[in-house]
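work-v5.pdb follows; it contains PDB, C-alpha atoms.
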ATOM      1  CA  MET A   1     -15.622  25.587  32.717
ATOM      2  CA  ARG A   2     -14.593  29.197  32.251
ATOM      3  CA  GLU A   3     -11.827  28.862  34.848
ATOM      4  CA  ALA A   4     -10.471  25.803  33.017
ATOM      5  CA  GLU A   5     -10.393  27.737  29.746
ATOM      6  CA  LEU A   6      -8.584  30.652  31.419
ATOM      7  CA  ALA A   7      -6.045  28.269  32.954
ATOM      8  CA  ALA A   8      -5.440  26.618  29.574
ATOM      9  CA  GLY A   9      -5.011  30.039  27.974
ATOM     10  CA  LEU A  10      -2.480  31.125  30.601
ATOM     11  CA  GLN A  11      -0.598  27.860  30.158
ATOM     12  CA  ARG A  12      -0.372  28.388  26.395
ATOM     13  CA  GLU A  13       0.761  31.976  26.960
ATOM     14  CA  ASN A  14       3.453  30.882  29.397
ATOM     15  CA  MET A  15       4.654  28.188  26.977
ATOM     16  CA  PHE A  16       4.867  30.780  24.207
ATOM     17  CA  LYS A  17       6.868  33.144  26.443
ATOM     18  CA  ARG A  18       9.244  30.335  27.410
ATOM     19  CA  PHE A  19       9.630  29.498  23.732
ATOM     20  CA  LEU A  20      10.577  33.094  22.898
ATOM     21  CA  LYS A  21      13.104  33.154  25.757
ATOM     22  CA  MET A  22      14.977  30.119  24.409
ATOM     23  CA  ARG A  23      18.592  30.983  23.574
ATOM     24  CA  GLU A  24      18.258  28.783  20.487
ATOM     25  CA  ILE A  25      15.408  30.924  19.137
ATOM     26  CA  GLY A  26      17.896  33.210  17.385
ATOM     27  CA  ALA A  27      18.828  30.337  15.089
ATOM     28  CA  LEU A  28      15.562  28.391  14.996
ATOM     29  CA  LEU A  29      13.238  31.165  13.782
ATOM     30  CA  PRO A  30      15.566  32.374  10.974
ATOM     31  CA  LEU A  31      16.103  28.733   9.981
ATOM     32  CA  ILE A  32      12.338  28.100   9.722
ATOM     33  CA  PHE A  33      11.830  31.363   7.808
ATOM     34  CA  LEU A  34      14.676  30.555   5.413
ATOM     35  CA  VAL A  35      13.408  27.024   4.743
ATOM     36  CA  ILE A  36       9.892  28.303   3.976
ATOM     37  CA  LEU A  37      11.222  31.063   1.721
ATOM     38  CA  ILE A  38      13.523  28.792  -0.287
ATOM     39  CA  SER A  39      10.863  26.095  -0.677
ATOM     40  CA  ILE A  40       8.513  28.687  -2.195
ATOM     41  CA  VAL A  41      11.128  30.025  -4.605
ATOM     42  CA  ASN A  42      12.655  26.680  -5.592
ATOM     43  CA  LYS A  43      10.629  23.463  -5.326
ATOM     44  CA  SER A  44      13.722  21.277  -5.791
ATOM     45  CA  PHE A  45      14.834  22.349  -2.308
ATOM     46  CA  TYR A  46      12.667  19.589  -0.843
ATOM     47  CA  SER A  47      14.183  16.832  -2.995
ATOM     48  CA  VAL A  48      15.469  13.896  -0.963
ATOM     49  CA  GLY A  49      18.931  14.172  -2.475
ATOM     50  CA  ASN A  50      19.254  17.867  -1.616
ATOM     51  CA  ILE A  51      18.043  17.364   1.967
ATOM     52  CA  ILE A  52      20.497  14.507   2.559
ATOM     53  CA  ASP A  53      23.358  16.541   1.069
ATOM     54  CA  MET A  54      22.530  19.464   3.358
ATOM     55  CA  LEU A  55      22.359  17.189   6.392
ATOM     56  CA  ARG A  56      25.740  15.686   5.513
ATOM     57  CA  SER A  57      27.274  19.134   5.151
ATOM     58  CA  ALA A  58      25.735  20.259   8.440
ATOM     59  CA  THR A  59      27.100  17.163  10.138
ATOM     60  CA  TYR A  60      30.745  18.182   9.710
ATOM     61  CA  LEU A  61      29.940  21.616  11.133
ATOM     62  CA  PHE A  62      27.984  20.138  14.025
ATOM     63  CA  ILE A  63      30.531  17.484  15.010
ATOM     64  CA  ALA A  64      33.249  20.119  15.313
ATOM     65  CA  GLY A  65      30.669  22.564  16.687
ATOM     66  CA  VAL A  66      29.990  20.364  19.716
ATOM     67  CA  GLY A  67      33.628  20.719  20.710
ATOM     68  CA  ILE A  68      33.561  24.462  20.109
ATOM     69  CA  THR A  69      30.396  24.689  22.230
ATOM     70  CA  PHE A  70      32.153  23.085  25.195
ATOM     71  CA  VAL A  71      35.187  25.352  24.751
ATOM     72  CA  LEU A  72      33.167  28.562  24.385
ATOM     73  CA  VAL A  73      30.830  27.733  27.269
ATOM     74  CA  SER A  74      33.874  27.160  29.496
ATOM     75  CA  GLY A  75      35.168  30.623  28.585
ATOM     76  CA  GLY A  76      37.762  29.507  26.031
ATOM     77  CA  LEU A  77      38.257  29.790  22.277
ATOM     78  CA  ASP A  78      39.743  27.532  19.587
ATOM     79  CA  LEU A  79      40.792  28.998  16.240
ATOM     80  CA  SER A  80      42.766  25.909  15.184
ATOM     81  CA  ILE A  81      39.826  23.605  14.542
ATOM     82  CA  GLY A  82      39.962  23.959  10.743
ATOM     83  CA  SER A  83      43.662  23.127  10.740
ATOM     84  CA  GLN A  84      42.963  20.144  13.003
ATOM     85  CA  LEU A  85      40.369  18.883  10.544
ATOM     86  CA  ALA A  86      42.926  19.097   7.722
ATOM     87  CA  LEU A  87      45.617  17.456   9.852
ATOM     88  CA  SER A  88      43.215  14.608  10.610
ATOM     89  CA  GLY A  89      42.966  13.735   6.920
ATOM     90  CA  VAL A  90      46.727  13.950   6.429
ATOM     91  CA  VAL A  91      47.469  11.706   9.425
ATOM     92  CA  LEU A  92      44.830   9.203   8.349
ATOM     93  CA  GLY A  93      45.968   9.239   4.722
ATOM     94  CA  THR A  94      49.636   8.846   5.639
ATOM     95  CA  LEU A  95      48.894   5.887   7.886
ATOM     96  CA  MET A  96      46.689   4.117   5.330
ATOM     97  CA  VAL A  97      48.372   4.977   2.031
ATOM     98  CA  VAL A  98      52.036   5.546   2.868
ATOM     99  CA  LEU A  99      52.505   3.196   5.841
ATOM    100  CA  ARG A 100      49.776   0.791   4.628
ATOM    101  CA  LEU A 101      48.306   0.222   8.073
ATOM    102  CA  PRO A 102      44.830  -1.327   8.394
ATOM    103  CA  VAL A 103      41.974   1.176   8.182
ATOM    104  CA  TRP A 104      40.694   0.502  11.691
ATOM    105  CA  LEU A 105      44.157   0.924  13.228
ATOM    106  CA  SER A 106      44.755   4.095  11.220
ATOM    107  CA  ILE A 107      41.500   5.556  12.552
ATOM    108  CA  VAL A 108      42.411   4.717  16.158
ATOM    109  CA  ILE A 109      45.865   6.301  15.838
ATOM    110  CA  THR A 110      44.349   9.354  14.129
ATOM    111  CA  LEU A 111      41.936   9.859  17.032
ATOM    112  CA  ILE A 112      44.855   9.595  19.488
ATOM    113  CA  VAL A 113      46.688  12.288  17.510
ATOM    114  CA  GLY A 114      43.491  14.390  17.624
ATOM    115  CA  ALA A 115      43.356  14.079  21.396
ATOM    116  CA  ALA A 116      47.042  15.073  21.558
ATOM    117  CA  ALA A 117      46.454  18.117  19.320
ATOM    118  CA  GLY A 118      43.582  19.243  21.540
ATOM    119  CA  ALA A 119      45.628  18.528  24.665
ATOM    120  CA  PHE A 120      48.460  20.713  23.339
ATOM    121  CA  ASN A 121      46.007  23.583  22.965
ATOM    122  CA  GLY A 122      44.792  22.897  26.491
ATOM    123  CA  VAL A 123      48.330  22.958  27.899
ATOM    124  CA  LEU A 124      49.081  26.280  26.212
ATOM    125  CA  VAL A 125      45.913  27.816  27.695
ATOM    126  CA  THR A 126      45.816  26.252  31.171
ATOM    127  CA  VAL A 127      49.479  25.581  31.990
ATOM    128  CA  ALA A 128      51.401  28.176  29.974
ATOM    129  CA  ARG A 129      48.577  30.683  30.648
ATOM    130  CA  ILE A 130      48.615  31.966  27.086
ATOM    131  CA  PRO A 131      45.330  33.708  26.157
ATOM    132  CA  PRO A 132      43.134  31.294  24.131
ATOM    133  CA  PHE A 133      43.056  33.605  21.109
ATOM    134  CA  ILE A 134      46.865  33.751  20.861
ATOM    135  CA  ALA A 135      47.404  30.089  21.792
ATOM    136  CA  THR A 136      45.005  28.651  19.231
ATOM    137  CA  LEU A 137      45.961  31.180  16.566
ATOM    138  CA  SER A 138      49.510  29.858  16.955
ATOM    139  CA  THR A 139      48.409  26.238  16.644
ATOM    140  CA  TYR A 140      46.211  27.213  13.701
ATOM    141  CA  TYR A 141      49.419  27.990  11.810
ATOM    142  CA  LEU A 142      51.342  25.118  13.427
ATOM    143  CA  TYR A 143      48.857  22.405  12.441
ATOM    144  CA  ARG A 144      48.320  23.893   8.988
ATOM    145  CA  GLY A 145      52.091  24.003   8.549
ATOM    146  CA  LEU A 146      52.306  20.316   9.465
ATOM    147  CA  VAL A 147      49.697  19.573   6.798
ATOM    148  CA  PHE A 148      51.756  21.255   4.074
ATOM    149  CA  GLY A 149      55.058  19.978   5.444
ATOM    150  CA  ILE A 150      53.985  16.322   5.555
ATOM    151  CA  THR A 151      52.298  16.340   2.145
ATOM    152  CA  LYS A 152      54.679  18.824   0.460
ATOM    153  CA  GLY A 153      51.589  20.419  -1.024
ATOM    154  CA  SER A 154      50.306  17.281  -2.772
ATOM    155  CA  PRO A 155      47.031  15.424  -2.051
ATOM    156  CA  ILE A 156      47.151  11.889  -0.698
ATOM    157  CA  THR A 157      45.269   9.469  -2.939
ATOM    158  CA  PRO A 158      43.794   6.958  -3.363
ATOM    159  CA  VAL A 159      42.549   6.032   0.095
ATOM    160  CA  PRO A 160      41.281   2.456   0.639
ATOM    161  CA  GLU A 161      37.739   1.856  -0.581
ATOM    162  CA  SER A 162      36.792   0.344   2.766
ATOM    163  CA  LEU A 163      37.077   3.802   4.353
ATOM    164  CA  GLY A 164      34.122   4.849   2.217
ATOM    165  CA  LEU A 165      31.892   2.590   4.313
ATOM    166  CA  LEU A 166      31.835   5.307   6.969
ATOM    167  CA  ASP A 167      29.848   7.623   4.696
ATOM    168  CA  ARG A 168      27.583   5.152   2.930
ATOM    169  CA  PRO A 169      23.779   5.077   3.410
ATOM    170  CA  PHE A 170      22.791   2.892   6.335
ATOM    171  CA  LEU A 171      19.030   3.144   6.871
ATOM    172  CA  PHE A 172      16.370   4.654   4.575
ATOM    173  CA  GLY A 173      19.124   6.252   2.508
ATOM    174  CA  ILE A 174      20.486   8.112   5.557
ATOM    175  CA  ASN A 175      24.281   8.134   5.688
ATOM    176  CA  ASN A 176      26.222   6.803   8.645
ATOM    177  CA  VAL A 177      27.622  10.259   9.327
ATOM    178  CA  ILE A 178      24.086  11.618   9.852
ATOM    179  CA  LEU A 179      23.306   8.810  12.279
ATOM    180  CA  PHE A 180      26.532   9.628  14.098
ATOM    181  CA  MET A 181      25.404  13.255  14.341
ATOM    182  CA  ALA A 182      22.126  12.167  15.949
ATOM    183  CA  ILE A 183      23.938   9.977  18.482
ATOM    184  CA  LEU A 184      26.442  12.749  19.249
ATOM    185  CA  LEU A 185      23.572  15.208  19.762
ATOM    186  CA  VAL A 186      21.923  13.005  22.386
ATOM    187  CA  ILE A 187      25.177  12.242  24.220
ATOM    188  CA  SER A 188      26.466  15.835  24.231
ATOM    189  CA  LEU A 189      23.080  17.214  25.320
ATOM    190  CA  PHE A 190      23.076  14.824  28.263
ATOM    191  CA  VAL A 191      26.699  15.546  29.228
ATOM    192  CA  LEU A 192      26.420  19.344  29.093
ATOM    193  CA  GLN A 193      22.999  19.680  30.740
ATOM    194  CA  LYS A 194      22.562  16.647  32.995
ATOM    195  CA  THR A 195      25.991  15.728  34.349
ATOM    196  CA  ARG A 196      28.232  17.221  37.016
ATOM    197  CA  TYR A 197      30.965  17.741  34.426
ATOM    198  CA  GLY A 198      28.600  19.778  32.236
ATOM    199  CA  ARG A 199      27.591  21.943  35.190
ATOM    200  CA  TYR A 200      31.263  22.529  35.973
ATOM    201  CA  VAL A 201      31.918  23.571  32.359
ATOM    202  CA  ILE A 202      29.081  26.105  32.516
ATOM    203  CA  ALA A 203      30.150  27.349  35.954
ATOM    204  CA  THR A 204      33.759  27.773  34.816
ATOM    205  CA  GLY A 205      32.684  29.951  31.907
ATOM    206  CA  GLY A 206      30.193  31.891  34.001
ATOM    207  CA  ASN A 207      32.579  32.849  36.799
ATOM    208  CA  GLU A 208      35.891  31.015  36.815
ATOM    209  CA  GLU A 209      37.230  32.582  40.010
ATOM    210  CA  SER A 210      34.132  31.753  42.079
ATOM    211  CA  THR A 211      34.062  28.242  40.648
ATOM    212  CA  ARG A 212      37.734  27.728  41.541
ATOM    213  CA  LEU A 213      37.143  29.000  45.088
ATOM    214  CA  ALA A 214      34.303  26.475  45.375
ATOM    215  CA  GLY A 215      36.894  23.712  45.058
ATOM    216  CA  ILE A 216      36.457  22.896  41.361
ATOM    217  CA  LYS A 217      39.640  22.495  39.319
ATOM    218  CA  THR A 218      38.758  24.921  36.544
ATOM    219  CA  SER A 219      42.058  24.414  34.714
ATOM    220  CA  LYS A 220      41.351  20.718  34.392
ATOM    221  CA  ILE A 221      37.824  21.436  33.149
ATOM    222  CA  LYS A 222      39.121  23.834  30.489
ATOM    223  CA  PHE A 223      41.858  21.401  29.481
ATOM    224  CA  THR A 224      39.344  18.610  28.875
ATOM    225  CA  THR A 225      37.195  20.843  26.652
ATOM    226  CA  TYR A 226      40.157  21.344  24.320
ATOM    227  CA  VAL A 227      40.807  17.604  24.245
ATOM    228  CA  ILE A 228      37.155  16.985  23.361
ATOM    229  CA  THR A 229      37.395  19.588  20.597
ATOM    230  CA  GLY A 230      40.521  17.971  19.165
ATOM    231  CA  ILE A 231      38.943  14.520  19.068
ATOM    232  CA  LEU A 232      35.735  15.779  17.469
ATOM    233  CA  ALA A 233      37.610  17.882  14.894
ATOM    234  CA  PHE A 234      39.587  14.797  13.885
ATOM    235  CA  ILE A 235      36.381  12.711  13.720
ATOM    236  CA  ALA A 236      34.911  15.322  11.367
ATOM    237  CA  GLY A 237      38.101  15.073   9.301
ATOM    238  CA  ILE A 238      37.836  11.278   9.136
ATOM    239  CA  PHE A 239      34.247  11.452   7.869
ATOM    240  CA  PHE A 240      35.241  14.164   5.394
ATOM    241  CA  THR A 241      38.048  12.014   4.002
ATOM    242  CA  SER A 242      35.667   9.069   3.802
ATOM    243  CA  ARG A 243      33.196  11.089   1.759
ATOM    244  CA  PHE A 244      35.654  12.378  -0.850
ATOM    245  CA  SER A 245      37.976   9.335  -0.939
ATOM    246  CA  SER A 246      41.110  11.497  -0.925
ATOM    247  CA  VAL A 247      43.068  13.811   1.340
ATOM    248  CA  GLN A 248      42.959  17.405   0.095
ATOM    249  CA  ILE A 249      45.484  19.726   1.746
ATOM    250  CA  ASN A 250      43.320  22.860   1.474
ATOM    251  CA  VAL A 251      40.363  21.347   3.290
ATOM    252  CA  GLY A 252      39.196  23.171   6.412
ATOM    253  CA  GLN A 253      40.337  26.652   5.426
ATOM    254  CA  GLY A 254      37.881  29.075   7.008
ATOM    255  CA  PHE A 255      36.144  26.129   8.692
ATOM    256  CA  GLU A 256      36.861  27.430  12.188
ATOM    257  CA  LEU A 257      34.985  30.679  11.510
ATOM    258  CA  ARG A 258      31.969  28.805  10.132
ATOM    259  CA  VAL A 259      31.880  26.544  13.180
ATOM    260  CA  ILE A 260      32.196  29.409  15.668
ATOM    261  CA  THR A 261      29.555  31.380  13.750
ATOM    262  CA  ALA A 262      27.156  28.426  13.847
ATOM    263  CA  ALA A 263      27.631  28.136  17.611
ATOM    264  CA  ILE A 264      27.122  31.863  18.238
ATOM    265  CA  ILE A 265      24.014  31.953  16.035
ATOM    266  CA  GLY A 266      22.718  29.045  18.109
ATOM    267  CA  GLY A 267      22.990  31.081  21.305
ATOM    268  CA  VAL A 268      26.422  30.054  22.588
ATOM    269  CA  SER A 269      28.009  33.045  24.295
ATOM    270  CA  LEU A 270      31.463  34.270  23.289
ATOM    271  CA  PHE A 271      31.853  35.396  26.897
ATOM    272  CA  GLY A 272      31.330  31.914  28.351
ATOM    273  CA  GLY A 273      28.811  30.441  30.756
ATOM    274  CA  PHE A 274      25.904  30.037  28.325
ATOM    275  CA  GLY A 275      25.058  27.849  25.361
ATOM    276  CA  THR A 276      23.521  24.575  24.303
ATOM    277  CA  VAL A 277      24.427  21.850  21.839
ATOM    278  CA  LEU A 278      20.910  22.020  20.390
ATOM    279  CA  GLY A 279      21.503  25.665  19.518
ATOM    280  CA  THR A 280      24.737  24.717  17.758
ATOM    281  CA  LEU A 281      22.782  22.182  15.706
ATOM    282  CA  PHE A 282      20.271  24.853  14.645
ATOM    283  CA  GLY A 283      23.140  27.214  13.857
ATOM    284  CA  SER A 284      24.884  24.577  11.738
ATOM    285  CA  LEU A 285      21.690  23.849   9.818
ATOM    286  CA  PHE A 286      21.106  27.577   9.290
ATOM    287  CA  MET A 287      24.600  28.052   7.839
ATOM    288  CA  VAL A 288      24.212  25.116   5.446
ATOM    289  CA  VAL A 289      20.670  26.054   4.352
ATOM    290  CA  LEU A 290      21.807  29.624   3.735
ATOM    291  CA  GLU A 291      24.725  28.448   1.594
ATOM    292  CA  ASN A 292      22.393  26.113  -0.292
ATOM    293  CA  ALA A 293      19.993  29.000  -0.897
ATOM    294  CA  LEU A 294      22.800  31.141  -2.310
ATOM    295  CA  ILE A 295      23.766  28.349  -4.695
ATOM    296  CA  MET A 296      20.171  27.890  -5.843
ATOM    297  CA  ALA A 297      19.857  31.649  -6.320
ATOM    298  CA  ARG A 298      23.095  31.542  -8.372
ATOM    299  CA  VAL A 299      24.740  34.117  -6.168
ATOM    300  CA  SER A 300      28.485  34.402  -6.749
ATOM    301  CA  PRO A 301      30.472  32.416  -4.143
ATOM    302  CA  TYR A 302      32.629  35.496  -3.635
ATOM    303  CA  TRP A 303      29.674  37.242  -1.996
ATOM    304  CA  LYS A 304      29.197  34.339   0.413
ATOM    305  CA  GLN A 305      32.237  35.427   2.443
ATOM    306  CA  ALA A 306      30.838  38.937   2.794
ATOM    307  CA  LEU A 307      27.477  37.573   3.909
ATOM    308  CA  ILE A 308      29.085  35.312   6.514
ATOM    309  CA  GLY A 309      30.965  38.352   7.818
ATOM    310  CA  ILE A 310      27.687  40.245   8.216
ATOM    311  CA  ILE A 311      26.121  37.242   9.974
ATOM    312  CA  ILE A 312      29.054  37.088  12.417
ATOM    313  CA  ILE A 313      28.656  40.792  13.239
ATOM    314  CA  ILE A 314      24.916  40.382  13.840
ATOM    315  CA  ALA A 315      25.429  37.227  15.942
ATOM    316  CA  VAL A 316      28.065  38.906  18.129
ATOM    317  CA  MET A 317      25.876  42.004  18.576
ATOM    318  CA  ILE A 318      22.973  39.797  19.670
ATOM    319  CA  ASP A 319      25.272  38.024  22.124
ATOM    320  CA  ILE A 320      26.427  41.372  23.571
ATOM    321  CA  VAL A 321      22.810  42.490  24.039
ATOM    322  CA  ARG A 322      21.981  39.187  25.759
ATOM    323  CA  GLN A 323      24.988  39.536  28.028
ATOM    324  CA  LYS A 324      24.008  43.070  29.081
ATOM    325  CA  LYS A 325      20.440  41.944  29.741
ATOM    326  CA  LEU A 326      21.625  39.047  31.893
ATOM    327  CA  SER A 327      23.997  41.313  33.851
ATOM    328  CA  ARG A 328      21.089  43.626  34.675
ATOM    329  CA  GLU A 329      19.020  40.700  35.895
TER     330      GLU A 329
END

Exercise: express the given structure as structure tokens:
Amino acid sequence: MREAELAAGLQRENMFKRFLKMREIGALLPLIFLVILISIVNKSFYSVGNIIDMLRSATYLFIAGVGITFVLVSGGLDLSIGSQLALSGVVLGTLMVVLRLPVWLSIVITLIVGAAAGAFNGVLVTVARIPPFIATLSTYYLYRGLVFGITKGSPITPVPESLGLLDRPFLFGINNVILFMAILLVISLFVLQKTRYGRYVIATGGNEESTRLAGIKTSKIKFTTYVITGILAFIAGIFFTSRFSSVQINVGQGFELRVITAAIIGGVSLFGGFGTVLGTLFGSLFMVVLENALIMARVSPYWKQALIGIIIIIAVMIDIVRQKKLSRE
């Protein structure tokens, strides 16, 4: 009997140690602490409407964050994702409002343009051999310039009412976009952790040269991660346009930094080779809950930028410490 109790105790201790070693713990524990703290200070935090609004806001971050996770894990970087989100709305709005194409066809064409935008980033990085920071910083301005050039600085409105169906409640008051996030979570978790492609992505970011010598086409792997990011950024833009029923030209400004921050907080390494989609989800939720807390506390929105900057510094420092620890092991 005593031996059984000791074995159970050791098992619980080992489970606790494994829990603490999770890369996602850096986002999960602060998220739990923040939720408890806010719920004590403001009881309206737990209202159904507020929870659904936070989930919807986190969804846009997470959808784009999945793409960023694949890019970062493969050793790349994409600074153009906010501009891609804005371009998505402009392309969709132009097709539906100006050219009067059916909604479904406009969405399909928009996704094709998203894949092309991501592929262009991939070509710059893998074919032209331009460093990811420079390549995607260039397309950040390029895609944002297309947004202003096409619209001439004016919003596109009104979009067809049928587009709003994408963001309407589907089951138990849960919006379609939240259900999409859940489906995307399951699929991306499986792809990154259980498939050969996911293992190649991780291996490419961990040691690209060794992976290439093993016969894996690392350039092709990196290229596909940028295509995935482009498609997902445009999907986030489509849902965003559906929610607000208009195309706003300033949408997505600073979005890329929020997405990258959410991924890093969730344990995705800036140096490549490590990271999970689940961590990105926790990071996205943390960012949204934090912003919600600041609003409830009536903190000036101007201070939010400073706080996000501090969070980025802390997240990067944690990542550097992790990287040094792993190198010693």

* **Test item: the PyMOL selection byres ((chain A and resi 120) around 12) resolved as a ChimeraX atom specification** => /A:78,80,84,113-119,121-128,130,132,135-136,138-140,142-143,223-230

* Leu179 of chain A environment, 10 Å, all atoms listed in the file, sequence neighbours closer than 4 positions dropped, as a PyMOL selection string -> chain A and resi 56+59+169-171+174-175+183-185

* **Option closest in space to Asn42 of chain A, from A:Ile313, A:Ala297, A:Leu285, A:Ala306 [counting only C-alpha atoms]** => A:Ala297

* **Nearest to Val277 of chain A, chosen from A:Ile187, A:Ile107, A:Ala58, A:Ile81, with all atoms listed in the file counted in the distances** =>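 The closest residue to Val277 of chain A is A:Ile187.
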
* Asked: In terms of the shortest atom-to-atom distance over all atoms listed in the file, which of A:Val90, A:Met96, A:Ile314, A:Ile265 is closest to Gly145 of chain A?
  -> A:Val90

* **Nearby residues, (32.6, 14.6, 8.3) file frame, 9 Å, all atoms listed in the file, as a PyMOL selection string** => chain A and resi 56-61+63-64+167+177+233-243
